[in-house]
$ cat entry34.tsv   # TSV, C-alpha atoms
chain	number	residue	atom	x	y	z
A	1	MET	CA	48.96	59.58	20.93
A	2	LYS	CA	51.46	62.43	20.73
A	3	PHE	CA	54.67	63.18	22.57
A	4	ARG	CA	54.40	66.39	24.57
A	5	PRO	CA	57.83	67.64	25.68
A	6	CYS	CA	58.52	69.42	28.96
A	7	ILE	CA	60.76	72.03	30.51
A	8	ASP	CA	60.61	72.12	34.32
A	9	ILE	CA	62.33	75.08	35.97
A	10	HIS	CA	63.28	75.28	39.65
A	11	ASN	CA	65.50	77.82	41.40
A	12	GLY	CA	66.34	79.37	38.04
A	13	ALA	CA	67.55	76.17	36.37
A	14	VAL	CA	66.05	73.49	34.13
A	15	LYS	CA	65.66	70.42	36.33
A	16	GLN	CA	63.94	67.12	36.80
A	17	ILE	CA	62.83	66.45	40.35
A	18	VAL	CA	60.95	63.84	42.34
A	19	GLY	CA	57.52	65.45	42.28
A	20	GLY	CA	56.37	64.53	45.76
A	21	SER	CA	59.57	65.92	47.28
A	22	LEU	CA	58.94	69.54	46.32
A	23	LYS	CA	58.72	71.90	49.29
A	24	ASP	CA	58.20	75.65	49.39
A	25	ALA	CA	60.18	75.91	52.61
A	26	GLY	CA	63.79	76.43	51.63
A	27	ASN	CA	62.92	75.92	47.94
A	28	ALA	CA	63.84	72.28	48.46
A	29	ALA	CA	63.39	69.25	46.22
A	30	VAL	CA	65.02	65.89	45.55
A	31	GLU	CA	66.78	66.52	42.25
A	32	ASN	CA	67.19	63.89	39.54
A	33	TYR	CA	68.93	66.16	37.07
A	34	ILE	CA	70.14	69.76	36.79
A	35	SER	CA	70.80	70.94	33.25
A	36	ARG	CA	73.76	73.02	32.17
A	37	GLN	CA	71.59	74.36	29.36
A	38	ASP	CA	69.11	77.20	29.61
A	39	ALA	CA	65.43	76.67	28.89
A	40	ASP	CA	65.60	78.17	25.39
A	41	TYR	CA	68.00	75.39	24.35
A	42	TYR	CA	65.24	72.82	24.85
A	43	ALA	CA	62.53	74.99	23.34
A	44	THR	CA	64.64	75.46	20.20
A	45	MET	CA	65.11	71.69	19.96
A	46	TYR	CA	61.38	71.03	20.31
A	47	LYS	CA	60.65	73.65	17.65
A	48	LYS	CA	63.15	72.07	15.25
A	49	ASP	CA	61.49	68.68	15.76
A	50	GLY	CA	57.99	70.08	15.23
A	51	LEU	CA	56.73	69.14	18.69
A	52	THR	CA	53.74	71.14	19.87
A	53	GLY	CA	51.74	71.27	23.09
A	54	GLY	CA	54.70	70.80	25.40
A	55	HIS	CA	54.69	72.46	28.79
A	56	ILE	CA	56.96	74.78	30.73
A	57	ILE	CA	56.41	74.56	34.48
A	58	LEU	CA	57.66	77.13	37.00
A	59	LEU	CA	58.27	75.12	40.16
A	60	ASN	CA	58.91	78.08	42.48
A	61	PRO	CA	56.00	80.03	43.98
A	62	PRO	CA	55.84	83.78	43.31
A	63	ALA	CA	56.98	84.43	46.90
A	64	SER	CA	60.22	82.54	46.38
A	65	GLU	CA	63.53	84.39	46.16
A	66	TYR	CA	64.20	82.33	43.02
A	67	TYR	CA	60.93	83.15	41.27
A	68	ASP	CA	62.29	85.97	39.11
A	69	ALA	CA	65.14	83.79	37.86
A	70	THR	CA	62.77	80.91	37.20
A	71	LYS	CA	60.35	83.17	35.31
A	72	ALA	CA	63.22	84.64	33.26
A	73	GLN	CA	64.17	81.14	32.13
A	74	ALA	CA	60.55	80.41	31.21
A	75	LEU	CA	60.30	83.56	29.12
A	76	LYS	CA	63.48	82.62	27.25
A	77	ALA	CA	61.82	79.35	26.27
A	78	LEU	CA	58.60	81.07	25.16
A	79	HIS	CA	60.54	83.56	23.05
A	80	ALA	CA	62.53	80.75	21.42
A	81	TYR	CA	59.37	78.89	20.39
A	82	PRO	CA	56.47	81.34	20.15
A	83	GLY	CA	53.10	79.62	19.93
A	84	GLY	CA	54.63	76.22	20.48
A	85	MET	CA	54.51	75.65	24.23
A	86	GLN	CA	52.20	75.96	27.21
A	87	ILE	CA	53.20	77.45	30.56
A	88	GLY	CA	52.12	76.86	34.14
A	89	GLY	CA	53.08	77.87	37.65
A	90	GLY	CA	51.58	80.83	39.50
A	91	ILE	CA	49.07	81.59	36.74
A	92	THR	CA	46.04	83.70	37.69
A	93	ALA	CA	43.32	85.54	35.80
A	94	GLU	CA	45.34	88.71	36.35
A	95	ASN	CA	48.61	87.54	34.75
A	96	ALA	CA	47.46	84.85	32.30
A	97	ALA	CA	47.22	87.15	29.27
A	98	GLU	CA	50.81	88.32	29.85
A	99	TYR	CA	52.14	84.83	29.12
A	100	LEU	CA	50.11	84.55	25.91
A	101	GLU	CA	51.60	87.88	24.83
A	102	GLU	CA	55.07	86.47	25.59
A	103	GLY	CA	54.43	83.53	23.24
A	104	ALA	CA	52.63	80.79	25.17
A	105	SER	CA	49.94	78.88	23.26
A	106	HIS	CA	48.10	78.08	26.50
A	107	VAL	CA	48.34	78.80	30.21
A	108	ILE	CA	48.19	75.88	32.65
A	109	VAL	CA	46.37	76.38	35.94
A	110	THR	CA	45.79	74.34	39.10
A	111	SER	CA	46.13	76.08	42.43
A	112	TYR	CA	44.36	79.28	41.40
A	113	VAL	CA	41.10	77.45	40.66
A	114	PHE	CA	41.11	75.42	43.87
A	115	GLN	CA	40.58	76.94	47.30
A	116	ASN	CA	39.73	75.27	50.59
A	117	GLY	CA	39.92	71.96	48.77
A	118	GLN	CA	37.33	72.58	46.09
A	119	VAL	CA	36.83	74.10	42.64
A	120	ARG	CA	36.40	77.88	42.44
A	121	TYR	CA	34.12	78.23	39.45
A	122	ASP	CA	34.14	82.01	39.78
A	123	ARG	CA	37.88	81.96	39.15
A	124	LEU	CA	37.43	79.59	36.23
A	125	ASP	CA	34.96	82.06	34.75
A	126	ARG	CA	37.49	84.86	35.18
A	127	LEU	CA	40.22	82.85	33.49
A	128	LYS	CA	37.94	81.91	30.63
A	129	LYS	CA	37.10	85.57	30.09
A	130	ALA	CA	40.75	86.62	30.40
A	131	VAL	CA	42.28	84.23	27.83
A	132	GLY	CA	39.47	82.17	26.32
A	133	LYS	CA	38.70	78.48	26.74
A	134	GLU	CA	40.92	77.73	23.73
A	135	HIS	CA	44.02	78.97	25.59
A	136	LEU	CA	43.41	77.28	28.95
A	137	VAL	CA	44.79	73.96	30.21
A	138	LEU	CA	43.73	72.65	33.60
A	139	ASP	CA	46.37	70.68	35.49
A	140	LEU	CA	44.62	67.93	37.42
A	141	SER	CA	47.78	66.45	38.88
A	142	CYS	CA	46.74	63.98	41.52
A	143	ARG	CA	47.74	61.55	44.23
A	144	ARG	CA	46.11	58.78	46.20
A	145	MET	CA	45.33	59.51	49.83
A	146	ASP	CA	46.49	56.73	52.15
A	147	GLU	CA	44.68	53.54	51.11
A	148	ASP	CA	41.93	55.32	49.18
A	149	GLU	CA	41.69	53.99	45.62
A	150	ASP	CA	40.57	57.36	44.23
A	151	TYR	CA	42.96	59.97	42.90
A	152	TYR	CA	42.61	63.43	44.46
A	153	VAL	CA	43.66	66.65	42.75
A	154	VAL	CA	46.68	68.15	44.50
A	155	THR	CA	47.71	71.80	44.39
A	156	ASP	CA	50.55	74.12	45.42
A	157	ARG	CA	53.30	72.17	43.68
A	158	TRP	CA	51.60	68.85	44.57
A	159	GLN	CA	51.84	69.50	48.31
A	160	LYS	CA	48.16	70.00	49.23
A	161	PHE	CA	45.29	67.57	48.76
A	162	THR	CA	41.91	68.88	47.66
A	163	ARG	CA	38.59	67.09	48.14
A	164	GLU	CA	38.13	66.84	44.39
A	165	ARG	CA	38.45	63.32	43.01
A	166	VAL	CA	39.53	62.70	39.43
A	167	ARG	CA	36.35	61.11	38.14
A	168	PRO	CA	34.41	61.39	34.86
A	169	GLU	CA	31.91	63.74	36.48
A	170	LEU	CA	34.65	66.23	37.46
A	171	LEU	CA	36.27	65.98	34.03
A	172	ASP	CA	32.91	66.67	32.36
A	173	GLU	CA	32.37	69.80	34.48
A	174	LEU	CA	35.85	71.21	34.03
A	175	ALA	CA	36.04	70.47	30.31
A	176	GLN	CA	33.51	73.27	29.78
A	177	TYR	CA	36.23	75.74	30.75
A	178	CYS	CA	39.39	74.45	29.08
A	179	ASP	CA	40.99	73.14	25.91
A	180	GLU	CA	43.03	70.33	27.48
A	181	PHE	CA	43.95	68.58	30.71
A	182	LEU	CA	47.46	67.93	31.99
A	183	VAL	CA	47.66	65.17	34.59
A	184	HIS	CA	50.81	64.37	36.55
A	185	ALA	CA	50.61	61.18	38.59
A	186	ALA	CA	52.41	62.95	41.40
A	187	ASP	CA	53.19	59.88	43.52
A	188	VAL	CA	55.35	58.43	40.74
A	189	GLU	CA	56.47	61.69	39.11
A	190	GLY	CA	60.24	61.73	38.73
A	191	LYS	CA	60.69	58.22	40.13
A	192	THR	CA	60.83	56.31	36.81
A	193	SER	CA	59.17	53.48	38.71
A	194	GLY	CA	56.29	52.63	36.40
A	195	ILE	CA	53.04	54.30	35.40
A	196	GLU	CA	49.80	54.66	37.34
A	197	ARG	CA	47.85	52.12	35.29
A	198	GLU	CA	44.45	52.73	36.88
A	199	LEU	CA	44.75	56.48	36.32
A	200	VAL	CA	45.74	55.91	32.68
A	201	LYS	CA	42.68	53.68	32.19
A	202	LEU	CA	40.36	56.22	33.79
A	203	LEU	CA	41.64	59.12	31.69
A	204	GLY	CA	41.66	57.12	28.47
A	205	LYS	CA	38.15	55.83	28.99
A	206	TRP	CA	36.91	59.40	29.42
A	207	GLY	CA	38.87	60.89	26.50
A	208	LYS	CA	36.57	63.77	25.47
A	209	ILE	CA	39.24	66.46	25.06
A	210	PRO	CA	43.04	66.11	24.79
A	211	VAL	CA	44.70	64.79	27.95
A	212	THR	CA	48.45	64.58	28.56
A	213	TYR	CA	49.66	62.03	31.10
A	214	ALA	CA	52.95	62.38	32.99
A	215	GLY	CA	54.55	60.24	35.66
A	216	GLY	CA	56.55	57.07	36.14
A	217	ILE	CA	57.53	56.25	32.55
A	218	SER	CA	60.79	54.33	32.78
A	219	GLU	CA	60.98	52.17	29.63
A	220	TYR	CA	59.64	52.06	26.10
A	221	ASP	CA	57.10	49.40	27.06
A	222	ASP	CA	55.46	51.91	29.41
A	223	ILE	CA	54.62	54.01	26.35
A	224	ALA	CA	53.04	50.99	24.65
A	225	ASP	CA	51.09	50.23	27.84
A	226	ILE	CA	49.72	53.78	27.98
A	227	ARG	CA	48.59	53.50	24.39
A	228	GLU	CA	46.92	50.15	25.01
A	229	LEU	CA	45.32	51.08	28.34
A	230	SER	CA	43.97	54.39	27.01
A	231	ASP	CA	43.07	53.14	23.53
A	232	GLY	CA	45.55	55.67	22.16
A	233	LYS	CA	43.62	58.63	23.56
A	234	LEU	CA	46.31	59.98	25.89
A	235	ASN	CA	49.30	62.09	24.98
A	236	VAL	CA	52.45	61.49	27.02
A	237	THR	CA	55.28	63.50	28.45
A	238	ILE	CA	58.57	62.08	29.74
A	239	GLY	CA	60.91	63.90	32.07
A	240	SER	CA	63.46	62.15	34.26
A	241	ALA	CA	63.57	58.99	32.13
A	242	LEU	CA	64.58	60.91	28.98
A	243	ASP	CA	68.27	61.07	28.08
A	244	LEU	CA	67.94	64.85	27.61
A	245	PHE	CA	67.59	64.92	31.39
A	246	GLY	CA	70.00	62.14	32.32
A	247	GLY	CA	67.63	59.19	31.90
A	248	PRO	CA	67.87	55.91	29.94
A	249	LEU	CA	65.34	56.59	27.16
A	250	ASN	CA	66.76	58.07	23.97
A	251	TYR	CA	64.92	61.19	22.84
A	252	GLU	CA	64.98	60.38	19.11
A	253	THR	CA	63.94	56.78	19.78
A	254	VAL	CA	61.00	57.97	21.90
A	255	LEU	CA	59.80	60.21	19.07
A	256	SER	CA	60.07	57.35	16.61
A	257	TYR	CA	58.49	54.85	19.01
A	258	ILE	CA	55.47	57.03	19.73
A	259	HIS	CA	55.04	57.62	16.00
A	260	ASP	CA	55.20	53.88	15.25
A	261	VAL	CA	53.65	52.22	18.31
$ encode --input "entry34.tsv" --output "structure tokens"
Amino acid sequence: MKFRPCIDIHNGAVKQIVGGSLKDAGNAAVENYISRQDADYYATMYKKDGLTGGHIILLNPPASEYYDATKAQALKALHAYPGGMQIGGGITAENAAEYLEEGASHVIVTSYVFQNGQVRYDRLDRLKKAVGKEHLVLDLSCRRMDEDEDYYVVTDRWQKFTRERVRPELLDELAQYCDEFLVHAADVEGKTSGIERELVKLLGKWGKIPVTYAGGISEYDDIADIRELSDGKLNVTIGSALDLFGGPLNYETVLSYIHDV
């Protein structure tokens, strides 16, 4: 288990939001925290602490009036920690290489490879050719649909359900195209209300390539539970619950706890 830090950027500012509240219309979201610091402040901190594999997420779509400001913040973070962080949000086969040139270790993709609710393998092929499997992370952020026990991949800033269920068979197929998976449990993202235990079990049991879990961590025991439920196979990221973003969990203690747990 490793700690994977995050920098989420919305409307040109580093923020933590309630994931399920994000809306393209009006660039709206329920905000847990708005930082006074720019994104490079956090990237510099993560570099100093030797943390790799963290992710920068652009939460505005390219059509948004805030997109340029959000992208500018993201580039500041990449330049502050070249080779140390991944980036996602609006990534396509056409622009993916640009972000590697700007310093990203990997690009993170969801919406581009899903269309009409299913996987576009032709687009996955294009991405693989554009940046290489070793530089690609697939974001399989997911939610449950009504009373269905399965988790469905969601796209477009977690607003749209696909028909693709997060199951071992899907993970096996997609792992042929990427280096890692990033999985936000979108129903609990930003709510600090507890982890999605069944999702953690599923991902940990599969465990064939690195997987980072995000969503719902609210106390140190949640970290221990993720380790136990996944047999230590999952990496974790913490956003709203971290004191860097106004939460109750101390950043240095989290680093020590994950090292020791």
$ residues_near_point --input "entry34.tsv" --point "(36.6, 73.8, 29.2)" --cutoff "12 Å" --atoms "all atoms listed in the file" --output "CSV table (one decimal) with C-alpha atoms, in the frame of the given file"
chain,number,residue,atom,x,y,z
A,121,TYR,CA,34.1,78.2,39.4
A,124,LEU,CA,37.4,79.6,36.2
A,125,ASP,CA,35.0,82.1,34.8
A,127,LEU,CA,40.2,82.8,33.5
A,128,LYS,CA,37.9,81.9,30.6
A,129,LYS,CA,37.1,85.6,30.1
A,131,VAL,CA,42.3,84.2,27.8
A,132,GLY,CA,39.5,82.2,26.3
A,133,LYS,CA,38.7,78.5,26.7
A,134,GLU,CA,40.9,77.7,23.7
A,135,HIS,CA,44.0,79.0,25.6
A,136,LEU,CA,43.4,77.3,29.0
A,137,VAL,CA,44.8,74.0,30.2
A,138,LEU,CA,43.7,72.6,33.6
A,170,LEU,CA,34.6,66.2,37.5
A,171,LEU,CA,36.3,66.0,34.0
A,172,ASP,CA,32.9,66.7,32.4
A,173,GLU,CA,32.4,69.8,34.5
A,174,LEU,CA,35.8,71.2,34.0
A,175,ALA,CA,36.0,70.5,30.3
A,176,GLN,CA,33.5,73.3,29.8
A,177,TYR,CA,36.2,75.7,30.8
A,178,CYS,CA,39.4,74.4,29.1
A,179,ASP,CA,41.0,73.1,25.9
A,180,GLU,CA,43.0,70.3,27.5
A,181,PHE,CA,44.0,68.6,30.7
A,208,LYS,CA,36.6,63.8,25.5
A,209,ILE,CA,39.2,66.5,25.1
A,210,PRO,CA,43.0,66.1,24.8
$ closest_residue --input "entry34.tsv" --among "A:Ile195, A:Leu244, A:Leu249, A:Leu182" --to "Arg227 (chain A)" --atoms "all atoms listed in the file"
A:Ile195
$ atom_distance --input "entry34.tsv" --atom1 "CA of Ile87 (chain A)" --atom2 "CA of Gln73 (chain A)"
11.7 Å
$ closest_residue --input "entry34.tsv" --among "A:Asp38, A:Asp146, A:Asp49, A:Glu164" --to "Pro5 (chain A)" --atoms "all atoms listed in the file"
A:Asp49
$ atom_distance --input "entry34.tsv" --atom1 "CA of His55 (chain A)" --atom2 "CA of Ile7 (chain A)"
6.3 Å
$ residues_around --input "entry34.tsv" --residues "Asp68 (chain A)" --least-positions-apart "4" --cutoff "12 Å" --atoms "only C-alpha atoms" --output "JSON list (two decimals) with C-alpha atoms, keeping the file's coordinate frame"
[["chain", "number", "residue", "atom", "x", "y", "z"],
["A", 9, "ILE", "CA", 62.33, 75.08, 35.97],
["A", 10, "HIS", "CA", 63.28, 75.28, 39.65],
["A", 11, "ASN", "CA", 65.50, 77.82, 41.40],
["A", 12, "GLY", "CA", 66.34, 79.37, 38.04],
["A", 13, "ALA", "CA", 67.55, 76.17, 36.37],
["A", 58, "LEU", "CA", 57.66, 77.13, 37.00],
["A", 59, "LEU", "CA", 58.27, 75.12, 40.16],
["A", 60, "ASN", "CA", 58.91, 78.08, 42.48],
["A", 61, "PRO", "CA", 56.00, 80.03, 43.98],
["A", 62, "PRO", "CA", 55.84, 83.78, 43.31],
["A", 63, "ALA", "CA", 56.98, 84.43, 46.90],
["A", 64, "SER", "CA", 60.22, 82.54, 46.38],
["A", 72, "ALA", "CA", 63.22, 84.64, 33.26],
["A", 73, "GLN", "CA", 64.17, 81.14, 32.13],
["A", 74, "ALA", "CA", 60.55, 80.41, 31.21],
["A", 75, "LEU", "CA", 60.30, 83.56, 29.12],
["A", 90, "GLY", "CA", 51.58, 80.83, 39.50]]
$ build_atoms --input "entry34.tsv" --residues "region 236-247 of chain A" --atoms "all heavy atoms" --output "mmCIF file, in the frame of the given file"
data_model
loop_
_atom_site.group_PDB
_atom_site.id
_atom_site.type_symbol
_atom_site.label_atom_id
_atom_site.label_comp_id
_atom_site.auth_asym_id
_atom_site.auth_seq_id
_atom_site.Cartn_x
_atom_site.Cartn_y
_atom_site.Cartn_z
ATOM 1 N N VAL A 236 51.519 61.793 25.928
ATOM 2 C CA VAL A 236 52.450 61.490 27.020
ATOM 3 C C VAL A 236 53.583 62.505 27.062
ATOM 4 O O VAL A 236 53.986 63.055 26.035
ATOM 5 C CB VAL A 236 53.051 60.068 26.890
ATOM 6 C CG1 VAL A 236 51.968 59.017 27.013
ATOM 7 C CG2 VAL A 236 53.808 59.898 25.582
ATOM 8 N N THR A 237 54.064 62.735 28.261
ATOM 9 C CA THR A 237 55.280 63.500 28.450
ATOM 10 C C THR A 237 56.237 62.671 29.282
ATOM 11 O O THR A 237 55.819 61.861 30.108
ATOM 12 C CB THR A 237 54.981 64.861 29.123
ATOM 13 O OG1 THR A 237 56.142 65.683 29.057
ATOM 14 C CG2 THR A 237 54.577 64.706 30.561
ATOM 15 N N ILE A 238 57.531 62.840 29.035
ATOM 16 C CA ILE A 238 58.570 62.080 29.740
ATOM 17 C C ILE A 238 59.611 63.062 30.226
ATOM 18 O O ILE A 238 60.116 63.874 29.444
ATOM 19 C CB ILE A 238 59.221 61.013 28.834
ATOM 20 C CG1 ILE A 238 58.163 60.074 28.254
ATOM 21 C CG2 ILE A 238 60.267 60.210 29.619
ATOM 22 C CD1 ILE A 238 58.708 59.108 27.218
ATOM 23 N N GLY A 239 59.923 63.001 31.506
ATOM 24 C CA GLY A 239 60.910 63.900 32.070
ATOM 25 C C GLY A 239 62.178 63.192 32.475
ATOM 26 O O GLY A 239 63.110 63.034 31.693
ATOM 27 N N SER A 240 62.227 62.703 33.702
ATOM 28 C CA SER A 240 63.460 62.150 34.260
ATOM 29 C C SER A 240 63.997 60.940 33.501
ATOM 30 O O SER A 240 65.200 60.673 33.516
ATOM 31 C CB SER A 240 63.239 61.761 35.729
ATOM 32 O OG SER A 240 62.980 62.902 36.516
ATOM 33 N N ALA A 241 63.121 60.190 32.837
ATOM 34 C CA ALA A 241 63.570 58.990 32.130
ATOM 35 C C ALA A 241 64.196 59.308 30.775
ATOM 36 O O ALA A 241 64.809 58.427 30.148
ATOM 37 C CB ALA A 241 62.400 58.022 31.933
ATOM 38 N N LEU A 242 64.073 60.549 30.300
ATOM 39 C CA LEU A 242 64.580 60.910 28.980
ATOM 40 C C LEU A 242 66.070 61.247 29.053
ATOM 41 O O LEU A 242 66.524 61.874 30.005
ATOM 42 C CB LEU A 242 63.791 62.129 28.478
ATOM 43 C CG LEU A 242 63.651 62.315 26.977
ATOM 44 C CD1 LEU A 242 62.910 61.151 26.337
ATOM 45 C CD2 LEU A 242 62.922 63.625 26.672
ATOM 46 N N ASP A 243 66.821 60.836 28.037
ATOM 47 C CA ASP A 243 68.270 61.070 28.080
ATOM 48 C C ASP A 243 68.618 62.554 28.027
ATOM 49 O O ASP A 243 69.711 62.944 28.445
ATOM 50 C CB ASP A 243 69.004 60.293 26.981
ATOM 51 C CG ASP A 243 68.630 60.718 25.564
ATOM 52 O OD1 ASP A 243 67.675 61.503 25.392
ATOM 53 O OD2 ASP A 243 69.291 60.245 24.613
ATOM 54 N N LEU A 244 67.707 63.402 27.550
ATOM 55 C CA LEU A 244 67.940 64.850 27.610
ATOM 56 C C LEU A 244 68.128 65.315 29.038
ATOM 57 O O LEU A 244 68.763 66.345 29.292
ATOM 58 C CB LEU A 244 66.753 65.605 27.002
ATOM 59 C CG LEU A 244 66.446 65.423 25.517
ATOM 60 C CD1 LEU A 244 65.245 66.283 25.141
ATOM 61 C CD2 LEU A 244 67.650 65.765 24.656
ATOM 62 N N PHE A 245 67.542 64.562 29.975
ATOM 63 C CA PHE A 245 67.590 64.920 31.390
ATOM 64 C C PHE A 245 68.257 63.821 32.222
ATOM 65 O O PHE A 245 67.928 63.633 33.386
ATOM 66 C CB PHE A 245 66.171 65.193 31.901
ATOM 67 C CG PHE A 245 65.417 66.206 31.078
ATOM 68 C CD1 PHE A 245 64.291 65.839 30.363
ATOM 69 C CD2 PHE A 245 65.851 67.514 31.000
ATOM 70 C CE1 PHE A 245 63.594 66.766 29.595
ATOM 71 C CE2 PHE A 245 65.174 68.452 30.229
ATOM 72 C CZ PHE A 245 64.044 68.078 29.528
ATOM 73 N N GLY A 246 69.203 63.106 31.590
ATOM 74 C CA GLY A 246 70.000 62.140 32.320
ATOM 75 C C GLY A 246 69.411 60.751 32.439
ATOM 76 O O GLY A 246 69.963 59.894 33.135
ATOM 77 N N GLY A 247 68.288 60.481 31.788
ATOM 78 C CA GLY A 247 67.630 59.190 31.900
ATOM 79 C C GLY A 247 68.039 58.200 30.831
ATOM 80 O O GLY A 247 68.848 58.500 29.953
#
